[in-house]
>>> print(open('final_15.csv').read())   # CSV, C-alpha atoms
chain,number,residue,atom,x,y,z
A,1,MET,CA,92.9,-13.4,172.3
A,2,ASN,CA,90.6,-14.2,175.1
A,3,VAL,CA,92.3,-14.8,178.4
A,4,TRP,CA,90.5,-18.0,179.1
A,5,ILE,CA,91.5,-19.4,175.7
A,6,ALA,CA,95.2,-18.7,176.6
A,7,ILE,CA,94.7,-20.3,180.0
A,8,GLY,CA,93.1,-23.4,178.4
A,9,LEU,CA,95.9,-23.7,175.9
A,10,THR,CA,98.5,-23.4,178.6
A,11,VAL,CA,96.7,-26.2,180.6
A,12,VAL,CA,96.6,-28.5,177.6
A,13,GLY,CA,100.2,-27.7,176.8
A,14,CYS,CA,101.4,-28.4,180.3
A,15,TYR,CA,99.5,-31.7,180.4
A,16,ALA,CA,100.9,-32.7,177.1
A,17,VAL,CA,104.5,-32.1,178.2
A,18,LYS,CA,103.9,-34.0,181.4
A,19,LEU,CA,102.4,-36.9,179.5
A,20,ALA,CA,105.3,-36.9,177.0
A,21,GLY,CA,107.7,-37.2,179.9
A,22,LEU,CA,105.8,-40.1,181.3
A,23,LEU,CA,105.8,-41.9,178.0
A,24,VAL,CA,109.6,-41.8,177.6
A,25,PRO,CA,111.0,-45.4,177.9
A,26,ALA,CA,113.0,-46.0,181.0
A,27,GLY,CA,116.0,-47.3,178.9
A,28,VAL,CA,116.3,-43.8,177.4
A,29,LEU,CA,116.5,-42.2,180.8
A,30,GLU,CA,119.3,-44.5,182.0
A,31,ARG,CA,121.7,-43.4,179.3
A,32,PRO,CA,124.8,-41.5,180.7
A,33,THR,CA,124.4,-38.7,178.2
A,34,VAL,CA,120.7,-38.1,179.1
A,35,ARG,CA,121.6,-38.2,182.8
A,36,ARG,CA,124.4,-35.7,182.4
A,37,LEU,CA,122.1,-33.4,180.3
A,38,ALA,CA,119.3,-33.7,182.9
A,39,ALA,CA,121.8,-32.7,185.6
A,40,LEU,CA,123.3,-29.7,183.8
A,41,LEU,CA,120.2,-28.3,182.0
A,42,PRO,CA,118.6,-26.6,185.1
A,43,VAL,CA,122.0,-25.0,186.0
A,44,ALA,CA,122.3,-23.6,182.4
A,45,LEU,CA,118.7,-22.3,182.4
A,46,LEU,CA,119.2,-20.6,185.8
A,47,ALA,CA,122.4,-19.0,184.7
A,48,ALA,CA,120.8,-17.7,181.5
A,49,LEU,CA,117.8,-16.3,183.5
A,50,THR,CA,120.2,-14.7,186.0
A,51,ALA,CA,122.2,-13.0,183.3
A,52,GLN,CA,119.1,-11.8,181.5
A,53,GLN,CA,117.6,-10.3,184.6
A,54,THR,CA,120.9,-8.8,185.7
A,55,PHE,CA,122.2,-7.2,182.5
A,56,SER,CA,119.0,-6.1,180.7
A,57,THR,CA,116.2,-3.7,181.1
A,58,GLY,CA,113.6,-4.3,178.4
A,59,GLN,CA,115.5,-4.2,175.1
A,60,ASP,CA,118.6,-2.4,176.5
A,61,LEU,CA,121.8,-3.9,177.9
A,62,VAL,CA,122.7,-2.2,181.2
A,63,LEU,CA,125.4,-2.4,183.8
A,64,ASP,CA,124.1,-1.2,187.1
A,65,ALA,CA,123.9,-2.1,190.8
A,66,ARG,CA,122.5,-5.5,190.0
A,67,ALA,CA,125.8,-6.5,188.5
A,68,ALA,CA,127.7,-5.5,191.6
A,69,GLY,CA,125.3,-7.6,193.7
A,70,LEU,CA,125.8,-10.5,191.4
A,71,ALA,CA,129.5,-10.1,191.7
A,72,ALA,CA,129.2,-10.1,195.5
A,73,ALA,CA,127.1,-13.2,195.4
A,74,GLY,CA,129.7,-14.9,193.1
A,75,LEU,CA,132.5,-14.0,195.5
A,76,ALA,CA,130.5,-15.3,198.5
A,77,LEU,CA,130.0,-18.5,196.6
A,78,LEU,CA,133.7,-18.8,195.8
A,79,LEU,CA,134.3,-18.4,199.5
A,80,ARG,CA,131.8,-21.2,200.2
A,81,ALA,CA,129.5,-19.1,202.3
A,82,PRO,CA,126.1,-20.4,203.3
A,83,PHE,CA,123.2,-19.6,201.0
A,84,LEU,CA,121.7,-17.0,203.3
A,85,VAL,CA,125.0,-15.2,203.5
A,86,VAL,CA,125.3,-15.2,199.7
A,87,VAL,CA,121.8,-13.7,199.4
A,88,ALA,CA,122.5,-11.2,202.1
A,89,ALA,CA,125.8,-10.1,200.5
A,90,ALA,CA,124.1,-9.6,197.1
A,91,VAL,CA,121.3,-7.6,198.7
A,92,LEU,CA,123.6,-5.4,200.8
A,93,VAL,CA,126.0,-4.7,198.0
A,94,THR,CA,123.2,-3.9,195.5
A,95,ALA,CA,121.5,-1.6,198.1
A,96,GLY,CA,124.8,0.1,198.9
A,97,VAL,CA,125.7,0.8,195.2
A,98,ARG,CA,122.2,2.1,194.6
A,99,ALA,CA,122.4,4.4,197.7
A,100,LEU,CA,125.8,5.7,196.6
A,101,ALA,CA,124.8,6.2,193.0
A,102,GLY,CA,121.7,8.1,193.9
>>> encode(input="final_15.csv", output="structure tokens")
Amino acid sequence: MNVWIAIGLTVVGCYAVKLAGLLVPAGVLERPTVRRLAALLPVALLAALTAQQTFSTGQDLVLDARAAGLAAAGLALLLRAPFLVVVAAAVLVTAGVRALAG
């Protein structure tokens, strides 16, 4: 497939999704179930992306330094650390495990 055809289809698809969102009646968006779903859906998608990026390499399931970094970030979040401290903890633990593992 030509790259420009793929880009054009992506542009049309994105525009169609945006247009569909604008055409939804306001009454539908005010329902409690829709509001709750809209609040929780990004969290679920981010959690799924994090799990997929942490525990897989291509087609294989792995348990490596990234898992230790994720655990450190989770612990920092439980301790209510600021966001930069959470990121720093994850980076430092991941780098430390990789350095020790060789």
>>> atom_distance(input="final_15.csv", atom1="CA of Phe55 (chain A)", atom2="CA of Ala72 (chain A)")
15.0 Å
>>> atom_distance(input="final_15.csv", atom1="CA of Val91 (chain A)", atom2="CA of Leu75 (chain A)")
13.3 Å
>>> atom_distance(input="final_15.csv", atom1="CA of Ala51 (chain A)", atom2="CA of Val93 (chain A)")
17.3 Å
>>> closest_atom_pairs(input="final_15.csv", of="region 36-95 of chain A", to="region 16-32 of chain A", cutoff="12 Å", atoms="all atoms listed in the file", output="JSON lines")
{"residue": "A:Arg36", "atom": "CA", "partner": "A:Pro32", "partner_atom": "CA", "distance": 6.1}
{"residue": "A:Leu37", "atom": "CA", "partner": "A:Pro32", "partner_atom": "CA", "distance": 8.5}
{"residue": "A:Ala38", "atom": "CA", "partner": "A:Leu29", "partner_atom": "CA", "distance": 9.2}
{"residue": "A:Ala39", "atom": "CA", "partner": "A:Pro32", "partner_atom": "CA", "distance": 10.5}
>>> closest_residue(input="final_15.csv", among="A:Leu78, A:Ala73, A:Ala47, A:Thr33", to="Leu92 (chain A)", atoms="all atoms listed in the file")
A:Ala73
>>> residues_around(input="final_15.csv", residues="Val86 (chain A)", least_positions_apart="5", cutoff="7 Å", atoms="all atoms listed in the file", output="VMD selection string")
chain A and resid 73 76 to 77 81
>>> write_last_selection(input="final_15.csv", atoms="C-alpha atoms", output="short mmCIF file (atom, residue, chain, number, x, y, z; two decimals), in the coordinates of the input")
data_model
loop_
_atom_site.label_atom_id
_atom_site.label_comp_id
_atom_site.auth_asym_id
_atom_site.auth_seq_id
_atom_site.Cartn_x
_atom_site.Cartn_y
_atom_site.Cartn_z
CA ALA A 73 127.10 -13.20 195.40
CA ALA A 76 130.50 -15.30 198.50
CA LEU A 77 130.00 -18.50 196.60
CA ALA A 81 129.50 -19.10 202.30
#
>>> residues_around(input="final_15.csv", residues="Gly74 (chain A)", least_positions_apart="6", cutoff="10 Å", atoms="only C-alpha atoms", output="PyMOL selection string")
chain A and resi 68+80+86+89-90
